Amino acid sequence: MAQQFTTVDLPAGLKLPGVYTKVFLNSDGGAAAVSNKCLLFAYMGAGGLATMNVPFQALGKSMVDAQCKSWSMASHMYAAAKSALPSGIGADIYIVPLTEPSGGTKQTRKIIFCGKPTGGVTSTATAAAAADTCTITYRGRGGSFGISTGDTWATIATNAKAMLDAISDLPCTVAISTETLTLSSRHKGLYDDGAVQVDFANAAASGCAASCGSITYPGTAGVGGTASLRLGVAATSFSVTASDTAIVSAGHCVTAIRADGYQNDAAVPAVPSDGVVTLYYVTGRPCRAISATLGGGVTVQTVAAACDVPGTGSPSVSSAMDKLSSDENAYKAWAAFFQDTTSLSAAVTTIENAEAVGTLEKGQMLFLCSTGSLADIASAALPASTTPAMASSARYAVGYYQ
């Protein structure tokens, strides 16, 4: 009969058959090895060296930067994963580089330098009244620059762009038009690209502020209803009655926003001529998605928010999932940024198939997080909307991190 086991260091003179025992003091005792592999799905930057859709082990930040670019989602996700590891607990981090959707668009954000509003009334100032320091961060990355007395809003914007352009791993590109900066995400697609925060250290004296855009209520309401506002994770509303003009609705909008500690301040001119509400960044508050709607049957009057523009498009993950299906490694924790049910369903199917084949389960789990509002989470109902449904197993965790 053919030998089934290889003996180690068989003493000279001994012959088979026989039973021999050897103790390895540095072995794992035959116990199953703990899987500490973490799998990150992320977009790779153009010009990166990594092979698309194939997992690679990230052995350090410099390696990830070289493989995927320092400003890429992959690099930023790796940094976040490393910083989140509890003290004394390690993990082997693997990255699956994905291609951004070719037909998608990039998210854009605006920073418009202007005068600081007072009590819901816009400023007419054209320059800084005193020295100040402005700090801008996007997804936690950014810096500060100085503002001199008399600097115009266009000058401040120019200095802000120079500061941001010098940050090699900034998750956006910056364009300028007079006093307005437009921040465009590095990748196409619909995903959470983080918050923008603009702080002024001496705004009370300098009179400096920054706007993220505006909300406009054109026309006069024919039928009343409810106007709703979504400011990041928070929501507020006010009543619209028949015959409310654009100016009246704009005033109600300002009152609703300024009635609580939202992520934005709001103002209209001292003598309004239209239904435009200017929104502002608030020092110390990250600013996320902004939207406005009119419901309850409101007619004639409409509303439009001109602030951030969400990206569009979803990744193609089929090739990556095919490769993971034949991968002998077990990745204990999968971290996905997907927001569409097609991509999530593909990931769930891959995990479920791995658990169903044979007697050795891989024990893989998929983790998602949402930074939207609770209403958004309830509406999306992701755990129940995938096929198979994530809600049918404890292998899927959807967290809420506002």
# chains A, B, ... in the order shown; residues from 1 in each chain; ligands from 1
$ select_by_dssp --residues "segment 104-346 of chain A" --states "alpha helix (DSSP H)" --output "VMD selection string"
chain A and resid 153 to 165 203 to 206 246 to 258 318 to 325 341 to 346
$ write_last_selection --atoms "N, CA and C atoms" --output "compact mmCIF listing (two decimals), in the first residue's frame"
# COMPACT_ATOMS: atom_id res chain seq x y z
N TRP A 153 -12.65 88.21 -1.56
CA TRP A 153 -13.09 86.80 -1.58
C TRP A 153 -12.36 86.04 -2.68
N ALA A 154 -12.08 86.70 -3.81
CA ALA A 154 -11.36 86.03 -4.90
C ALA A 154 -9.92 85.71 -4.48
N THR A 155 -9.29 86.63 -3.74
CA THR A 155 -7.93 86.40 -3.26
C THR A 155 -7.91 85.23 -2.28
N ILE A 156 -8.89 85.19 -1.39
CA ILE A 156 -8.97 84.10 -0.42
C ILE A 156 -9.17 82.76 -1.13
N ALA A 157 -10.01 82.75 -2.16
CA ALA A 157 -10.24 81.53 -2.93
C ALA A 157 -8.95 81.06 -3.61
N THR A 158 -8.19 82.02 -4.15
CA THR A 158 -6.93 81.67 -4.80
C THR A 158 -5.95 81.05 -3.82
N ASN A 159 -5.85 81.62 -2.62
CA ASN A 159 -4.96 81.08 -1.60
C ASN A 159 -5.44 79.72 -1.10
N ALA A 160 -6.75 79.56 -1.03
CA ALA A 160 -7.31 78.27 -0.61
C ALA A 160 -6.98 77.18 -1.62
N LYS A 161 -7.12 77.50 -2.89
CA LYS A 161 -6.79 76.52 -3.93
C LYS A 161 -5.32 76.13 -3.89
N ALA A 162 -4.44 77.10 -3.68
CA ALA A 162 -3.01 76.81 -3.62
C ALA A 162 -2.71 75.86 -2.46
N MET A 163 -3.37 76.09 -1.32
CA MET A 163 -3.16 75.22 -0.17
C MET A 163 -3.64 73.81 -0.46
N LEU A 164 -4.84 73.68 -1.05
CA LEU A 164 -5.39 72.35 -1.33
C LEU A 164 -4.60 71.62 -2.41
N ASP A 165 -4.14 72.35 -3.42
CA ASP A 165 -3.39 71.72 -4.51
C ASP A 165 -2.07 71.12 -4.01
N ALA A 203 -13.82 84.51 12.68
CA ALA A 203 -14.90 84.98 11.81
C ALA A 203 -15.64 86.19 12.38
N ALA A 204 -15.77 86.25 13.70
CA ALA A 204 -16.50 87.36 14.31
C ALA A 204 -15.87 88.71 13.97
N ALA A 205 -14.54 88.73 13.90
CA ALA A 205 -13.84 89.98 13.58
C ALA A 205 -13.60 90.15 12.09
N SER A 206 -13.24 89.07 11.42
CA SER A 206 -12.90 89.16 9.98
C SER A 206 -14.13 89.28 9.10
N ALA A 246 -42.33 83.31 -3.60
CA ALA A 246 -40.99 82.76 -3.49
C ALA A 246 -40.24 83.39 -2.33
N ILE A 247 -40.41 84.69 -2.13
CA ILE A 247 -39.73 85.40 -1.04
C ILE A 247 -40.22 84.89 0.32
N VAL A 248 -41.52 84.64 0.44
CA VAL A 248 -42.08 84.14 1.70
C VAL A 248 -41.53 82.75 2.01
N SER A 249 -41.52 81.88 1.03
CA SER A 249 -41.01 80.52 1.26
C SER A 249 -39.53 80.53 1.60
N ALA A 250 -38.76 81.42 0.95
CA ALA A 250 -37.34 81.53 1.25
C ALA A 250 -37.14 81.97 2.71
N GLY A 251 -37.95 82.90 3.16
CA GLY A 251 -37.87 83.35 4.55
C GLY A 251 -38.19 82.24 5.53
N HIS A 252 -39.22 81.45 5.22
CA HIS A 252 -39.57 80.32 6.08
C HIS A 252 -38.45 79.28 6.11
N CYS A 253 -37.79 79.11 4.98
CA CYS A 253 -36.68 78.16 4.89
C CYS A 253 -35.55 78.59 5.82
N VAL A 254 -35.20 79.87 5.79
CA VAL A 254 -34.15 80.38 6.67
C VAL A 254 -34.52 80.18 8.14
N THR A 255 -35.76 80.47 8.47
CA THR A 255 -36.21 80.31 9.86
C THR A 255 -36.12 78.86 10.30
N ALA A 256 -36.51 77.92 9.43
CA ALA A 256 -36.48 76.50 9.78
C ALA A 256 -35.05 76.02 10.01
N ILE A 257 -34.13 76.47 9.17
CA ILE A 257 -32.74 76.02 9.30
C ILE A 257 -32.09 76.62 10.55
N ARG A 258 -32.37 77.88 10.81
CA ARG A 258 -31.72 78.56 11.93
C ARG A 258 -32.38 78.25 13.28
N SER A 318 -18.38 41.77 -11.11
CA SER A 318 -18.52 40.36 -11.50
C SER A 318 -17.18 39.67 -11.66
N SER A 319 -16.20 40.33 -12.28
CA SER A 319 -14.89 39.72 -12.48
C SER A 319 -14.20 39.49 -11.14
N ALA A 320 -14.29 40.46 -10.24
CA ALA A 320 -13.67 40.31 -8.92
C ALA A 320 -14.30 39.15 -8.16
N MET A 321 -15.63 39.01 -8.25
CA MET A 321 -16.31 37.93 -7.54
C MET A 321 -15.95 36.57 -8.12
N ASP A 322 -15.77 36.51 -9.42
CA ASP A 322 -15.35 35.24 -10.04
C ASP A 322 -13.99 34.80 -9.49
N LYS A 323 -13.09 35.75 -9.35
CA LYS A 323 -11.75 35.42 -8.84
C LYS A 323 -11.81 35.04 -7.36
N LEU A 324 -12.65 35.70 -6.60
CA LEU A 324 -12.77 35.36 -5.19
C LEU A 324 -13.42 33.99 -5.00
N SER A 325 -14.28 33.61 -5.92
CA SER A 325 -14.96 32.31 -5.82
C SER A 325 -13.95 31.16 -5.91
N THR A 341 -27.89 47.45 -5.20
CA THR A 341 -28.23 46.07 -4.85
C THR A 341 -27.58 45.05 -5.78
N THR A 342 -27.27 45.44 -7.01
CA THR A 342 -26.64 44.51 -7.94
C THR A 342 -25.26 44.10 -7.44
N SER A 343 -24.44 45.07 -7.07
CA SER A 343 -23.09 44.77 -6.58
C SER A 343 -23.16 44.03 -5.25
N LEU A 344 -24.03 44.47 -4.37
CA LEU A 344 -24.16 43.81 -3.07
C LEU A 344 -24.65 42.37 -3.22
N SER A 345 -25.60 42.16 -4.14
CA SER A 345 -26.11 40.80 -4.36
C SER A 345 -25.01 39.88 -4.86
N ALA A 346 -24.13 40.41 -5.71
CA ALA A 346 -23.02 39.60 -6.22
C ALA A 346 -22.09 39.20 -5.09
$ closest_atom_pairs --of "segment 230-270 of chain A" --to "segment 276-290 of chain A" --cutoff "7 Å" --atoms "only C-alpha atoms" --output "CSV"
residue,atom,partner,partner_atom,distance
A:Arg230,CA,A:Ile290,CA,5.5
A:Leu231,CA,A:Ile290,CA,4.8
A:Gly232,CA,A:Arg288,CA,4.6
A:Ala250,CA,A:Val277,CA,5.9
A:Val254,CA,A:Val277,CA,7.0
A:Gln263,CA,A:Arg285,CA,5.6
A:Asn264,CA,A:Tyr281,CA,5.4
A:Asp265,CA,A:Tyr280,CA,5.0
A:Ala266,CA,A:Leu279,CA,4.6
A:Ala267,CA,A:Thr278,CA,5.4
A:Val268,CA,A:Val277,CA,5.4
$ select_by_dssp --residues "segment 129-247 of chain A" --states "strand (DSSP E)" --output "JSON, numbers by chain"
{"A": [132, 133, 134, 135, 136, 137, 138, 141, 142, 143, 144, 145, 146, 147, 172, 173, 174, 175, 176, 177, 180, 181, 182, 183, 184, 185, 186, 187, 188, 196, 197, 198, 199, 200, 208, 209, 210, 211, 212, 213, 214, 215, 216, 225, 226, 227, 228, 229, 230, 231, 234, 235, 236, 237, 238, 239, 240]}
$ atom_distance --atom1 "atom CA of Asp193 of chain A" --atom2 "atom CA of Thr216 of chain A"
25.3 Å
$ residues_around --residues "Ser75 of chain A" --least-positions-apart "5" --cutoff "6 Å" --atoms "only C-alpha atoms" --output "list in words"
Val64, Asp65 and Ser70 of chain A
$ write_last_selection --atoms "N, CA, C and O atoms" --output "JSON list (two decimals), in the first residue's frame"
[["chain", "number", "residue", "atom", "x", "y", "z"],
["A", 64, "VAL", "N", 0.61, 50.55, -0.91],
["A", 64, "VAL", "CA", -0.73, 50.83, -1.44],
["A", 64, "VAL", "C", -0.71, 52.09, -2.30],
["A", 64, "VAL", "O", -1.35, 52.15, -3.35],
["A", 65, "ASP", "N", 0.04, 53.10, -1.86],
["A", 65, "ASP", "CA", 0.13, 54.33, -2.64],
["A", 65, "ASP", "C", 0.73, 54.06, -4.02],
["A", 65, "ASP", "O", 0.29, 54.60, -5.03],
["A", 70, "SER", "N", -1.86, 57.55, -3.99],
["A", 70, "SER", "CA", -2.07, 58.02, -2.63],
["A", 70, "SER", "C", -3.41, 58.70, -2.42],
["A", 70, "SER", "O", -3.94, 58.75, -1.31]]
$ atom_distance --atom1 "atom CA of Gly88 of chain A" --atom2 "atom CA of Ala330 of chain A"
21.8 Å
$ atom_distance --atom1 "atom CA of Ala234 of chain A" --atom2 "atom CA of Met73 of chain A"
26.2 Å
$ residues_around --residues "Ala335 of chain A" --least-positions-apart "4" --cutoff "9 Å" --atoms "only C-alpha atoms" --output "ChimeraX atom specification"
/A:38-41,365-369
$ write_last_selection --atoms "C-alpha atoms" --output "mmCIF file, in the first residue's frame"
data_model
loop_
_atom_site.group_PDB
_atom_site.id
_atom_site.type_symbol
_atom_site.label_atom_id
_atom_site.label_comp_id
_atom_site.auth_asym_id
_atom_site.auth_seq_id
_atom_site.Cartn_x
_atom_site.Cartn_y
_atom_site.Cartn_z
ATOM 1 C CA CYS A 38 -9.632 41.740 5.935
ATOM 2 C CA LEU A 39 -10.763 42.367 2.342
ATOM 3 C CA LEU A 40 -11.290 45.940 1.130
ATOM 4 C CA PHE A 41 -13.094 46.699 -2.129
ATOM 5 C CA MET A 365 -18.644 38.236 6.689
ATOM 6 C CA LEU A 366 -19.594 41.398 4.783
ATOM 7 C CA PHE A 367 -19.640 44.790 6.508
ATOM 8 C CA LEU A 368 -21.339 47.956 5.227
ATOM 9 C CA CYS A 369 -21.834 51.351 6.809
#
$ closest_residue --among "A:Thr51, A:Arg109, A:Gly296, A:Val271" --to "Ala242 of chain A" --atoms "only C-alpha atoms"
A:Gly296
$ decode --residues "segment 259-391 of chain A" --atoms "C-alpha atoms" --output "PDB file, in the first residue's frame"
ATOM      1  CA  ALA A 259     -34.178  77.139  14.491  1.00  0.00           C
ATOM      2  CA  ASP A 260     -31.855  74.283  15.449  1.00  0.00           C
ATOM      3  CA  GLY A 261     -28.196  73.259  15.409  1.00  0.00           C
ATOM      4  CA  TYR A 262     -27.979  71.966  11.853  1.00  0.00           C
ATOM      5  CA  GLN A 263     -24.804  71.584   9.807  1.00  0.00           C
ATOM      6  CA  ASN A 264     -25.583  74.792   7.904  1.00  0.00           C
ATOM      7  CA  ASP A 265     -26.493  78.398   8.514  1.00  0.00           C
ATOM      8  CA  ALA A 266     -28.842  80.178   6.098  1.00  0.00           C
ATOM      9  CA  ALA A 267     -29.624  83.742   5.072  1.00  0.00           C
ATOM     10  CA  VAL A 268     -31.438  85.974   2.577  1.00  0.00           C
ATOM     11  CA  PRO A 269     -30.736  89.645   1.725  1.00  0.00           C
ATOM     12  CA  ALA A 270     -32.103  92.350   4.018  1.00  0.00           C
ATOM     13  CA  VAL A 271     -34.471  93.263   1.182  1.00  0.00           C
ATOM     14  CA  PRO A 272     -35.070  90.013  -0.743  1.00  0.00           C
ATOM     15  CA  SER A 273     -35.856  90.230  -4.444  1.00  0.00           C
ATOM     16  CA  ASP A 274     -36.260  86.502  -5.137  1.00  0.00           C
ATOM     17  CA  GLY A 275     -36.616  83.128  -3.461  1.00  0.00           C
ATOM     18  CA  VAL A 276     -32.907  82.334  -3.140  1.00  0.00           C
ATOM     19  CA  VAL A 277     -31.583  81.101   0.224  1.00  0.00           C
ATOM     20  CA  THR A 278     -27.806  81.113   0.679  1.00  0.00           C
ATOM     21  CA  LEU A 279     -26.410  78.239   2.749  1.00  0.00           C
ATOM     22  CA  TYR A 280     -23.169  78.461   4.733  1.00  0.00           C
ATOM     23  CA  TYR A 281     -20.627  76.112   6.262  1.00  0.00           C
ATOM     24  CA  VAL A 282     -20.624  76.221  10.056  1.00  0.00           C
ATOM     25  CA  THR A 283     -17.273  76.160  11.847  1.00  0.00           C
ATOM     26  CA  GLY A 284     -16.736  72.793  13.509  1.00  0.00           C
ATOM     27  CA  ARG A 285     -19.474  71.041  11.527  1.00  0.00           C
ATOM     28  CA  PRO A 286     -18.823  68.600   8.652  1.00  0.00           C
ATOM     29  CA  CYS A 287     -21.173  69.290   5.736  1.00  0.00           C
ATOM     30  CA  ARG A 288     -22.765  66.396   3.869  1.00  0.00           C
ATOM     31  CA  ALA A 289     -25.467  66.064   1.200  1.00  0.00           C
ATOM     32  CA  ILE A 290     -28.162  68.742   0.989  1.00  0.00           C
ATOM     33  CA  SER A 291     -31.550  68.398  -0.685  1.00  0.00           C
ATOM     34  CA  ALA A 292     -34.909  70.157  -0.717  1.00  0.00           C
ATOM     35  CA  THR A 293     -38.375  68.991  -1.794  1.00  0.00           C
ATOM     36  CA  LEU A 294     -41.950  70.235  -1.899  1.00  0.00           C
ATOM     37  CA  GLY A 295     -44.702  67.774  -1.022  1.00  0.00           C
ATOM     38  CA  GLY A 296     -48.277  67.580   0.061  1.00  0.00           C
ATOM     39  CA  GLY A 297     -49.626  68.667  -3.299  1.00  0.00           C
ATOM     40  CA  VAL A 298     -47.836  72.013  -3.587  1.00  0.00           C
ATOM     41  CA  THR A 299     -48.441  73.371  -7.081  1.00  0.00           C
ATOM     42  CA  VAL A 300     -46.810  76.056  -9.241  1.00  0.00           C
ATOM     43  CA  GLN A 301     -44.036  76.841  -6.758  1.00  0.00           C
ATOM     44  CA  THR A 302     -40.985  74.579  -7.106  1.00  0.00           C
ATOM     45  CA  VAL A 303     -37.686  74.160  -5.313  1.00  0.00           C
ATOM     46  CA  ALA A 304     -34.123  73.410  -6.355  1.00  0.00           C
ATOM     47  CA  ALA A 305     -30.951  72.909  -4.302  1.00  0.00           C
ATOM     48  CA  ALA A 306     -27.714  74.042  -5.967  1.00  0.00           C
ATOM     49  CA  CYS A 307     -25.117  72.647  -3.573  1.00  0.00           C
ATOM     50  CA  ASP A 308     -23.336  69.338  -3.891  1.00  0.00           C
ATOM     51  CA  VAL A 309     -23.935  67.190  -6.977  1.00  0.00           C
ATOM     52  CA  PRO A 310     -23.885  63.434  -6.192  1.00  0.00           C
ATOM     53  CA  GLY A 311     -21.840  61.136  -8.378  1.00  0.00           C
ATOM     54  CA  THR A 312     -23.520  58.549 -10.564  1.00  0.00           C
ATOM     55  CA  GLY A 313     -22.664  55.011 -11.581  1.00  0.00           C
ATOM     56  CA  SER A 314     -21.975  51.681  -9.866  1.00  0.00           C
ATOM     57  CA  PRO A 315     -18.879  49.460 -10.077  1.00  0.00           C
ATOM     58  CA  SER A 316     -18.700  46.245 -12.069  1.00  0.00           C
ATOM     59  CA  VAL A 317     -17.764  43.547  -9.563  1.00  0.00           C
ATOM     60  CA  SER A 318     -18.524  40.358 -11.496  1.00  0.00           C
ATOM     61  CA  SER A 319     -14.889  39.719 -12.477  1.00  0.00           C
ATOM     62  CA  ALA A 320     -13.671  40.312  -8.921  1.00  0.00           C
ATOM     63  CA  MET A 321     -16.308  37.931  -7.536  1.00  0.00           C
ATOM     64  CA  ASP A 322     -15.348  35.242 -10.040  1.00  0.00           C
ATOM     65  CA  LYS A 323     -11.752  35.419  -8.842  1.00  0.00           C
ATOM     66  CA  LEU A 324     -12.773  35.358  -5.185  1.00  0.00           C
ATOM     67  CA  SER A 325     -14.955  32.305  -5.823  1.00  0.00           C
ATOM     68  CA  SER A 326     -11.869  30.322  -6.824  1.00  0.00           C
ATOM     69  CA  ASP A 327      -9.618  31.862  -4.169  1.00  0.00           C
ATOM     70  CA  GLU A 328      -8.511  29.338  -1.554  1.00  0.00           C
ATOM     71  CA  ASN A 329      -8.056  32.094   1.024  1.00  0.00           C
ATOM     72  CA  ALA A 330     -10.773  32.902   3.537  1.00  0.00           C
ATOM     73  CA  TYR A 331     -11.227  36.627   4.142  1.00  0.00           C
ATOM     74  CA  LYS A 332     -12.920  36.957   7.499  1.00  0.00           C
ATOM     75  CA  ALA A 333     -14.147  40.541   7.022  1.00  0.00           C
ATOM     76  CA  TRP A 334     -15.238  42.069   3.723  1.00  0.00           C
ATOM     77  CA  ALA A 335     -15.604  45.873   3.640  1.00  0.00           C
ATOM     78  CA  ALA A 336     -17.676  47.185   0.742  1.00  0.00           C
ATOM     79  CA  PHE A 337     -18.605  50.718  -0.326  1.00  0.00           C
ATOM     80  CA  PHE A 338     -21.335  49.566  -2.743  1.00  0.00           C
ATOM     81  CA  GLN A 339     -24.699  51.317  -2.563  1.00  0.00           C
ATOM     82  CA  ASP A 340     -26.469  49.385  -5.334  1.00  0.00           C
ATOM     83  CA  THR A 341     -28.232  46.070  -4.845  1.00  0.00           C
ATOM     84  CA  THR A 342     -26.637  44.506  -7.945  1.00  0.00           C
ATOM     85  CA  SER A 343     -23.093  44.768  -6.576  1.00  0.00           C
ATOM     86  CA  LEU A 344     -24.160  43.812  -3.069  1.00  0.00           C
ATOM     87  CA  SER A 345     -26.114  40.800  -4.360  1.00  0.00           C
ATOM     88  CA  ALA A 346     -23.023  39.601  -6.223  1.00  0.00           C
ATOM     89  CA  ALA A 347     -20.952  39.826  -3.030  1.00  0.00           C
ATOM     90  CA  VAL A 348     -23.597  38.040  -0.945  1.00  0.00           C
ATOM     91  CA  THR A 349     -23.926  35.275  -3.534  1.00  0.00           C
ATOM     92  CA  THR A 350     -20.148  34.739  -3.537  1.00  0.00           C
ATOM     93  CA  ILE A 351     -20.039  34.468   0.254  1.00  0.00           C
ATOM     94  CA  GLU A 352     -23.052  32.147   0.429  1.00  0.00           C
ATOM     95  CA  ASN A 353     -21.646  29.852  -2.269  1.00  0.00           C
ATOM     96  CA  ALA A 354     -18.359  29.606  -0.359  1.00  0.00           C
ATOM     97  CA  GLU A 355     -20.243  28.531   2.767  1.00  0.00           C
ATOM     98  CA  ALA A 356     -22.355  25.979   0.908  1.00  0.00           C
ATOM     99  CA  VAL A 357     -19.549  24.105  -0.880  1.00  0.00           C
ATOM    100  CA  GLY A 358     -18.007  21.189   0.982  1.00  0.00           C
ATOM    101  CA  THR A 359     -17.734  20.704   4.713  1.00  0.00           C
ATOM    102  CA  LEU A 360     -15.151  23.435   5.398  1.00  0.00           C
ATOM    103  CA  GLU A 361     -16.819  26.813   5.737  1.00  0.00           C
ATOM    104  CA  LYS A 362     -14.768  29.944   5.130  1.00  0.00           C
ATOM    105  CA  GLY A 363     -16.560  31.970   7.803  1.00  0.00           C
ATOM    106  CA  GLN A 364     -16.571  35.169   5.756  1.00  0.00           C
ATOM    107  CA  MET A 365     -18.644  38.236   6.689  1.00  0.00           C
ATOM    108  CA  LEU A 366     -19.594  41.398   4.783  1.00  0.00           C
ATOM    109  CA  PHE A 367     -19.640  44.790   6.508  1.00  0.00           C
ATOM    110  CA  LEU A 368     -21.339  47.956   5.227  1.00  0.00           C
ATOM    111  CA  CYS A 369     -21.834  51.351   6.809  1.00  0.00           C
ATOM    112  CA  SER A 370     -24.256  54.178   6.130  1.00  0.00           C
ATOM    113  CA  THR A 371     -23.622  57.841   6.877  1.00  0.00           C
ATOM    114  CA  GLY A 372     -27.012  59.030   5.656  1.00  0.00           C
ATOM    115  CA  SER A 373     -30.082  59.699   7.724  1.00  0.00           C
ATOM    116  CA  LEU A 374     -32.143  57.026   9.445  1.00  0.00           C
ATOM    117  CA  ALA A 375     -34.893  57.813   6.939  1.00  0.00           C
ATOM    118  CA  ASP A 376     -32.508  57.062   4.068  1.00  0.00           C
ATOM    119  CA  ILE A 377     -31.527  53.752   5.653  1.00  0.00           C
ATOM    120  CA  ALA A 378     -35.141  52.737   6.166  1.00  0.00           C
ATOM    121  CA  SER A 379     -35.988  53.667   2.587  1.00  0.00           C
ATOM    122  CA  ALA A 380     -33.070  51.738   1.075  1.00  0.00           C
ATOM    123  CA  ALA A 381     -33.762  48.640   3.222  1.00  0.00           C
ATOM    124  CA  LEU A 382     -30.501  47.107   1.999  1.00  0.00           C
ATOM    125  CA  PRO A 383     -30.486  44.045   4.285  1.00  0.00           C
ATOM    126  CA  ALA A 384     -33.735  42.833   2.727  1.00  0.00           C
ATOM    127  CA  SER A 385     -33.280  44.106  -0.844  1.00  0.00           C
ATOM    128  CA  THR A 386     -30.355  41.968  -1.995  1.00  0.00           C
ATOM    129  CA  THR A 387     -30.630  38.522  -3.596  1.00  0.00           C
ATOM    130  CA  PRO A 388     -30.033  36.485  -1.500  1.00  0.00           C
ATOM    131  CA  ALA A 389     -31.217  38.815   1.240  1.00  0.00           C
ATOM    132  CA  MET A 390     -28.572  39.898   3.714  1.00  0.00           C
ATOM    133  CA  ALA A 391     -31.284  39.827   6.369  1.00  0.00           C
TER     134      ALA A 391
END
